[in-house]
>>> print(open('structure_27.txt').read())   # compact mmCIF, C-alpha atoms
# COMPACT_ATOMS: atom_id res chain seq x y z
CA THR R 65 5.35 -26.08 -8.94
CA SER R 66 5.89 -29.07 -6.66
CA ASP R 67 6.81 -31.36 -9.57
CA GLY R 68 9.35 -28.88 -10.90
CA SER R 69 7.66 -28.63 -14.29
CA THR R 70 6.96 -24.89 -14.09
CA VAL R 71 8.75 -21.95 -12.51
CA ILE R 72 6.91 -18.68 -11.87
CA HIS R 73 9.32 -15.79 -12.17
CA ALA R 74 9.06 -11.99 -11.99
CA VAL R 75 11.27 -10.37 -14.61
CA GLU R 76 12.23 -6.71 -14.91
CA ALA R 77 12.52 -5.54 -18.50
CA ALA R 78 11.89 -2.27 -20.31
CA GLY R 79 11.21 -0.51 -17.02
CA LYS R 80 8.50 -2.93 -15.89
CA VAL R 81 8.34 -5.98 -13.64
CA GLU R 82 6.15 -8.65 -15.23
CA LEU R 83 5.26 -12.25 -14.45
CA TYR R 84 6.31 -15.28 -16.49
CA ALA R 85 5.63 -19.02 -16.30
CA ILE R 86 8.67 -20.98 -17.47
CA ASP R 87 8.32 -24.55 -18.70
CA THR R 88 11.42 -26.28 -17.31
CA THR R 89 11.34 -28.96 -20.01
CA THR R 90 11.30 -26.65 -23.02
CA ALA R 91 12.66 -23.51 -21.31
CA THR R 92 9.71 -21.64 -22.85
CA ALA R 93 8.68 -18.50 -20.95
CA THR R 94 5.08 -17.27 -21.17
CA LYS R 95 4.01 -13.90 -19.79
CA ILE R 96 0.93 -14.48 -17.62
CA ASN R 97 0.00 -11.00 -16.37
CA ASP R 98 -2.09 -8.75 -18.59
CA THR R 99 -0.71 -5.61 -20.22
CA LEU R 100 0.55 -3.12 -17.65
CA PRO R 101 0.15 0.65 -17.97
CA ALA R 102 3.15 2.97 -18.16
CA GLY R 103 4.87 2.72 -14.77
CA GLY R 104 2.93 -0.44 -13.84
CA ASN R 105 4.61 -3.36 -12.11
CA VAL R 106 3.88 -6.73 -10.53
CA LEU R 107 4.84 -6.32 -6.85
CA ASP R 108 4.51 -9.92 -5.66
CA PHE R 109 2.73 -13.17 -6.44
CA GLU R 110 1.79 -16.55 -5.00
CA LEU R 111 0.63 -19.90 -6.35
CA THR R 112 -2.58 -21.39 -4.91
CA PRO R 113 -2.13 -24.62 -2.92
CA ASP R 114 -3.67 -26.71 -5.71
CA GLU R 115 -1.16 -25.09 -8.11
CA SER R 116 -3.87 -24.18 -10.61
CA THR R 117 -3.82 -20.41 -10.26
CA VAL R 118 -1.32 -17.60 -9.80
CA VAL R 119 -2.48 -14.65 -7.70
CA TYR R 120 -0.50 -11.46 -8.15
CA HIS R 121 -0.44 -7.92 -6.74
CA ALA R 122 0.01 -5.23 -9.37
CA ASP R 123 -1.01 -1.79 -10.59
CA GLN R 124 -2.35 -3.36 -13.77
CA THR R 125 -5.47 -1.20 -14.17
CA ALA R 126 -3.81 2.17 -13.54
CA ASN R 127 -0.38 3.27 -12.40
CA ASN R 128 0.01 3.22 -8.59
CA VAL R 129 -3.45 1.70 -8.08
CA PHE R 130 -2.57 -1.71 -6.61
CA GLU R 131 -5.09 -4.55 -6.85
CA LEU R 132 -5.10 -8.35 -6.77
CA PHE R 133 -5.47 -10.45 -9.91
CA ALA R 134 -5.76 -14.19 -10.59
CA VAL R 135 -4.66 -16.00 -13.74
CA PRO R 136 -4.54 -19.74 -14.57
CA LEU R 137 -1.04 -21.20 -14.31
CA ALA R 138 -1.48 -22.41 -17.88
CA GLY R 139 -2.03 -18.81 -18.97
CA GLY R 140 -5.01 -16.82 -20.18
CA THR R 141 -6.80 -13.62 -19.27
CA SER R 142 -6.38 -12.45 -15.69
CA THR R 143 -9.33 -11.60 -13.43
CA ARG R 144 -9.28 -8.80 -10.89
CA ILE R 145 -10.32 -10.50 -7.63
CA SER R 146 -9.99 -7.60 -5.20
CA ALA R 147 -12.45 -4.74 -5.23
CA ALA R 148 -11.75 -2.05 -7.83
CA MET R 149 -9.46 0.45 -6.13
CA THR R 150 -9.10 4.20 -6.53
CA THR R 151 -6.09 6.49 -6.66
CA ALA R 152 -6.62 7.12 -2.93
CA SER R 153 -6.80 3.45 -1.92
CA GLY R 154 -5.28 0.08 -2.69
CA VAL R 155 -4.51 -3.46 -1.59
CA ARG R 156 -1.80 -3.36 1.07
CA GLU R 157 1.28 -5.55 0.94
CA GLY R 158 1.13 -8.69 3.07
CA TRP R 159 -1.98 -10.24 1.48
CA SER R 160 -2.30 -14.00 1.91
CA ILE R 161 -3.86 -16.97 0.11
CA GLY R 162 -6.30 -18.58 2.55
CA SER R 163 -7.01 -21.63 0.38
CA SER R 164 -7.06 -22.61 -3.28
CA ARG R 165 -10.34 -20.71 -3.50
CA HIS R 166 -9.83 -17.43 -1.62
CA VAL R 167 -7.38 -14.67 -0.69
CA ILE R 168 -7.28 -12.43 2.40
CA TYR R 169 -6.09 -8.82 2.13
CA LEU R 170 -6.10 -5.40 3.81
CA SER R 171 -7.38 -2.35 1.96
CA ASP R 172 -8.43 1.17 2.87
CA LEU R 173 -11.02 1.38 0.10
CA GLY R 174 -13.94 3.35 1.56
CA SER R 175 -11.96 4.10 4.73
CA VAL R 176 -8.88 5.99 3.53
CA GLY R 177 -6.01 5.63 5.96
CA SER R 178 -7.89 3.00 8.02
CA PRO R 179 -7.45 -0.43 6.41
CA ARG R 180 -10.12 -3.10 6.70
CA LEU R 181 -9.87 -6.88 6.23
CA PHE R 182 -11.42 -8.45 3.12
CA GLY R 183 -11.78 -11.89 1.58
CA ALA R 184 -11.73 -12.31 -2.20
CA SER R 185 -12.61 -15.39 -4.21
CA VAL R 186 -9.96 -16.57 -6.65
CA GLU R 187 -12.86 -17.10 -9.05
CA GLY R 188 -13.76 -13.39 -9.00
CA LYS R 189 -16.93 -13.60 -6.88
CA PRO R 190 -18.04 -10.56 -4.83
CA VAL R 191 -15.55 -9.41 -2.19
CA ILE R 192 -16.59 -9.91 1.46
CA GLU R 193 -15.49 -7.70 4.35
CA LEU R 194 -14.29 -10.02 7.11
CA SER R 195 -13.69 -7.42 9.79
CA ASP R 196 -16.68 -5.94 11.57
CA PRO R 197 -18.25 -3.27 9.32
CA ALA R 198 -19.30 -1.45 12.51
CA LEU R 199 -15.67 -0.64 13.47
CA PRO R 200 -15.23 3.05 14.35
CA SER R 201 -14.24 5.12 11.34
CA TRP R 202 -10.90 5.93 12.96
CA ALA R 203 -10.04 2.28 13.70
CA THR R 204 -7.14 0.72 11.80
CA GLU R 205 -6.39 -2.94 11.18
CA GLN R 206 -2.69 -3.52 11.05
CA GLU R 207 -1.66 -7.18 10.74
CA PHE R 208 -3.32 -10.55 10.24
CA THR R 209 -2.53 -14.23 10.01
CA VAL R 210 -4.61 -16.97 8.40
CA ALA R 211 -5.21 -20.39 9.97
CA GLU R 212 -3.68 -23.34 8.15
CA ASP R 213 -7.07 -24.52 6.87
CA GLY R 214 -7.93 -20.99 5.69
CA THR R 215 -11.19 -20.75 7.65
CA GLN R 216 -10.15 -18.30 10.36
CA VAL R 217 -8.19 -15.04 10.43
CA ILE R 218 -6.61 -13.40 13.48
CA PHE R 219 -6.04 -9.67 13.09
CA SER R 220 -4.95 -6.71 15.20
CA ALA R 221 -6.94 -3.48 15.33
CA ASP R 222 -7.30 -0.43 17.56
CA ALA R 223 -11.10 -0.74 17.49
CA LEU R 224 -11.53 -0.15 21.25
CA LEU R 225 -9.13 2.75 21.78
CA SER R 226 -7.12 4.61 19.15
CA GLY R 227 -3.51 3.46 19.26
CA GLN R 228 -4.25 0.50 21.56
CA TRP R 229 -3.93 -2.75 19.59
CA THR R 230 -6.18 -5.70 20.34
CA LEU R 231 -6.43 -9.12 18.67
CA PHE R 232 -9.69 -10.08 17.00
CA SER R 233 -10.88 -13.15 15.13
CA ALA R 234 -12.86 -13.38 11.89
CA ARG R 235 -14.05 -16.41 9.95
CA ALA R 236 -13.80 -16.83 6.20
CA GLU R 237 -17.10 -18.70 6.07
CA PRO R 238 -20.60 -18.08 4.65
CA VAL R 239 -21.90 -14.62 5.53
CA VAL R 240 -25.58 -13.89 6.26
CA GLY R 241 -26.70 -10.28 6.05
CA LEU R 242 -28.30 -8.77 9.13
CA ILE R 243 -32.07 -8.46 9.56
CA ALA R 244 -33.10 -5.59 11.84
CA ASP R 245 -35.09 -6.29 15.03
CA GLN R 246 -38.75 -6.88 14.22
CA LEU R 247 -42.15 -6.43 15.91
CA SER R 248 -45.02 -8.69 14.93
CA LEU R 249 -48.60 -9.38 16.03
CA LYS R 250 -49.23 -12.77 17.59
CA ASN R 251 -50.26 -15.53 15.16
CA THR R 252 -49.84 -13.13 12.23
CA PRO R 253 -47.46 -13.84 9.31
CA HIS R 254 -44.60 -11.38 9.15
CA GLY R 255 -42.41 -10.56 6.16
CA PRO R 256 -41.01 -11.08 3.69
CA LEU R 257 -37.79 -9.73 5.25
CA ALA R 258 -34.90 -9.29 2.82
CA PHE R 259 -31.40 -10.57 3.60
CA THR R 260 -28.32 -11.61 1.68
CA VAL R 261 -25.94 -14.58 1.78
CA ASP R 262 -22.46 -14.96 0.30
CA ASP R 263 -19.43 -17.20 0.58
CA LEU R 264 -15.81 -17.15 -0.58
CA GLU R 265 -15.67 -20.88 -1.28
CA SER R 266 -19.07 -21.86 -2.73
CA GLY R 267 -21.54 -20.24 -5.08
CA ALA R 268 -24.49 -18.57 -3.34
CA ASP R 269 -26.90 -21.05 -4.97
CA ASP R 270 -24.95 -23.92 -3.41
CA LEU R 271 -25.46 -22.65 0.16
CA GLN R 272 -28.10 -24.34 2.29
CA ILE R 273 -30.10 -21.94 4.46
CA THR R 274 -31.73 -23.19 7.66
CA VAL R 275 -33.70 -21.35 10.33
CA GLN R 276 -33.17 -21.85 14.06
CA SER R 277 -35.09 -20.40 17.01
CA SER R 278 -34.00 -19.97 20.63
CA ASN R 279 -37.69 -20.24 21.61
CA ALA R 280 -39.51 -22.65 19.30
CA ALA R 281 -42.73 -22.30 21.32
CA LEU R 282 -42.80 -18.60 20.49
CA LEU R 283 -41.28 -18.75 17.02
CA ASP R 284 -41.45 -22.18 15.41
CA PRO R 285 -38.66 -22.47 12.79
CA ASN R 286 -40.78 -25.04 10.93
CA ASN R 287 -43.13 -22.20 10.00
CA ALA R 288 -40.37 -20.10 8.45
CA VAL R 289 -40.39 -19.77 4.67
CA ILE R 290 -37.19 -18.89 2.80
CA GLY R 291 -37.53 -17.27 -0.61
CA GLY R 292 -35.25 -15.86 -3.25
CA SER R 293 -32.15 -17.18 -4.97
CA GLY R 294 -28.47 -16.42 -5.45
CA THR R 295 -27.25 -13.88 -2.91
CA SER R 296 -30.70 -12.29 -2.34
CA HIS R 297 -33.26 -14.02 -0.12
CA THR R 298 -36.33 -13.34 2.00
CA LEU R 299 -37.62 -14.72 5.27
CA THR R 300 -41.35 -14.93 6.07
>>> encode(input="structure_27.txt", output="structure tokens")
Amino acid sequence: TSDGSTVIHAVEAAGKVELYAIDTTTATATKINDTLPAGGNVLDFELTPDESTVVYHADQTANNVFELFAVPLAGGTSTRISAAMTTASGVREGWSIGSSRHVIYLSDLGSVGSPRLFGASVEGKPVIELSDPALPSWATEQEFTVAEDGTQVIFSADALLSGQWTLFSARAEPVVGLIADQLSLKNTPHGPLAFTVDDLESGADDLQITVQSSNAALLDPNNAVIGGSGTSHTLT
């Protein structure tokens, strides 16, 4: 930590690499990762900028199934913050803490051999895919870097032509689910149309939803009615 009071240290013992927080005043070491399975190890770790939480990369759930976990620096039960992986997928090395509230990582869960970019809340909220879900199935995302304020991610992918790498940008900001194109009779209420909202930083109930229209004479946003709560909403 910045004040030198605690040192986070990975220690290899009894055939496992585990994570300890060491109080520099008392020299007391406290293991902060949960119990690892046979063959399990902590690969790497990082402290959030506010120094409240340790995020670590480990095969804690099952051997060789690598996921991301968060645990308070003071100790306690860890929380898996990445999606639950399978034996055919995992969180790639090179993940990054975007802010004290979220982590950015690559994983090929659901697209084996073709990693996608995801954002995970340190608080264990639902994981959000940051790269375009419409990427071709063969497309691979290779590297990424996170802006200093954690709001934007630049990543490389061969989404246009296999083997040809192009830079793309994604934002770690509130996500609004798509609503398909609609047809409606004039002066007739339409809906409710279901959509979702989510965010890596704030709870879904804390997000403010507003409606805008590129042609207010045709579709007056003042007539729009938003329903629902949490991540699930409707528009009428």
>>> closest_atom_pairs(input="structure_27.txt", of="stretch 209-261 of chain R", to="stretch 186-195 of chain R", cutoff="9 Å", atoms="all atoms listed in the file", output="Markdown table")
| residue | atom | partner | partner_atom | distance |
| --- | --- | --- | --- | --- |
| R:Val217 | CA | R:Leu194 | CA | 8.6 |
| R:Phe219 | CA | R:Ser195 | CA | 8.6 |
| R:Phe232 | CA | R:Ser195 | CA | 8.7 |
| R:Ser233 | CA | R:Ser195 | CA | 8.3 |
| R:Ala234 | CA | R:Leu194 | CA | 6.0 |
| R:Arg235 | CA | R:Leu194 | CA | 7.0 |
| R:Ala236 | CA | R:Leu194 | CA | 6.9 |
| R:Val239 | CA | R:Ile192 | CA | 8.2 |
>>> residues_around(input="structure_27.txt", residues="R:Gly158", least_positions_apart="3", cutoff="12 Å", atoms="only C-alpha atoms", output="PDB file with C-alpha atoms, in the coordinates of the input")
ATOM      1  CA  LEU R 107       4.840  -6.320  -6.850  1.00  0.00           C
ATOM      2  CA  ASP R 108       4.510  -9.920  -5.660  1.00  0.00           C
ATOM      3  CA  PHE R 109       2.730 -13.170  -6.440  1.00  0.00           C
ATOM      4  CA  GLU R 110       1.790 -16.550  -5.000  1.00  0.00           C
ATOM      5  CA  TYR R 120      -0.500 -11.460  -8.150  1.00  0.00           C
ATOM      6  CA  HIS R 121      -0.440  -7.920  -6.740  1.00  0.00           C
ATOM      7  CA  LEU R 132      -5.100  -8.350  -6.770  1.00  0.00           C
ATOM      8  CA  VAL R 155      -4.510  -3.460  -1.590  1.00  0.00           C
ATOM      9  CA  ILE R 161      -3.860 -16.970   0.110  1.00  0.00           C
ATOM     10  CA  VAL R 167      -7.380 -14.670  -0.690  1.00  0.00           C
ATOM     11  CA  ILE R 168      -7.280 -12.430   2.400  1.00  0.00           C
ATOM     12  CA  TYR R 169      -6.090  -8.820   2.130  1.00  0.00           C
ATOM     13  CA  LEU R 170      -6.100  -5.400   3.810  1.00  0.00           C
ATOM     14  CA  SER R 171      -7.380  -2.350   1.960  1.00  0.00           C
ATOM     15  CA  LEU R 181      -9.870  -6.880   6.230  1.00  0.00           C
ATOM     16  CA  GLN R 206      -2.690  -3.520  11.050  1.00  0.00           C
ATOM     17  CA  GLU R 207      -1.660  -7.180  10.740  1.00  0.00           C
ATOM     18  CA  PHE R 208      -3.320 -10.550  10.240  1.00  0.00           C
ATOM     19  CA  THR R 209      -2.530 -14.230  10.010  1.00  0.00           C
ATOM     20  CA  VAL R 210      -4.610 -16.970   8.400  1.00  0.00           C
TER      21      VAL R 210
END
>>> atom_distance(input="structure_27.txt", atom1="atom CA of R:Leu242", atom2="atom CA of R:Asp222")
24.1 Å
>>> closest_residue(input="structure_27.txt", among="R:Gly140, R:Thr298, R:Pro113, R:Asn251", to="R:Asp213", atoms="all atoms listed in the file")
R:Pro113
>>> axis_aligned_box(input="structure_27.txt", around="stretch 233-249 of chain R", padding_each_side="4 Å", output="AutoDock Vina command-line options")
--center_x -29.7 --center_y -12.1 --center_z 10.3 --size_x 45.7 --size_y 21.1 --size_z 19.4
>>> closest_residue(input="structure_27.txt", among="R:Ile290, R:Leu111, R:Ala102, R:Arg144", to="R:Gly255", atoms="only C-alpha atoms")
R:Ile290
>>> closest_residue(input="structure_27.txt", among="R:Thr65, R:Ser277, R:Asn105, R:Gln228", to="R:Thr88", atoms="only C-alpha atoms")
R:Thr65
>>> residues_near_point(input="structure_27.txt", point="(-1.2, 5.6, -10.4)", cutoff="9 Å", atoms="all atoms listed in the file", output="ChimeraX atom specification")
/R:103-104,123,125-130,150-151
>>> atom_distance(input="structure_27.txt", atom1="atom CA of R:Gly162", atom2="atom CA of R:Glu212")
7.8 Å
>>> atom_distance(input="structure_27.txt", atom1="atom CA of R:Ser185", atom2="atom CA of R:Asp114")
14.5 Å
>>> closest_residue(input="structure_27.txt", among="R:Leu247, R:Thr300, R:Asp270, R:Lys80", to="R:Asp284", atoms="all atoms listed in the file")
R:Thr300
>>> residues_around(input="structure_27.txt", residues="R:Ser178", least_positions_apart="2", cutoff="9 Å", atoms="only C-alpha atoms", output="PyMOL selection string")
chain R and resi 171-176+180+201-206
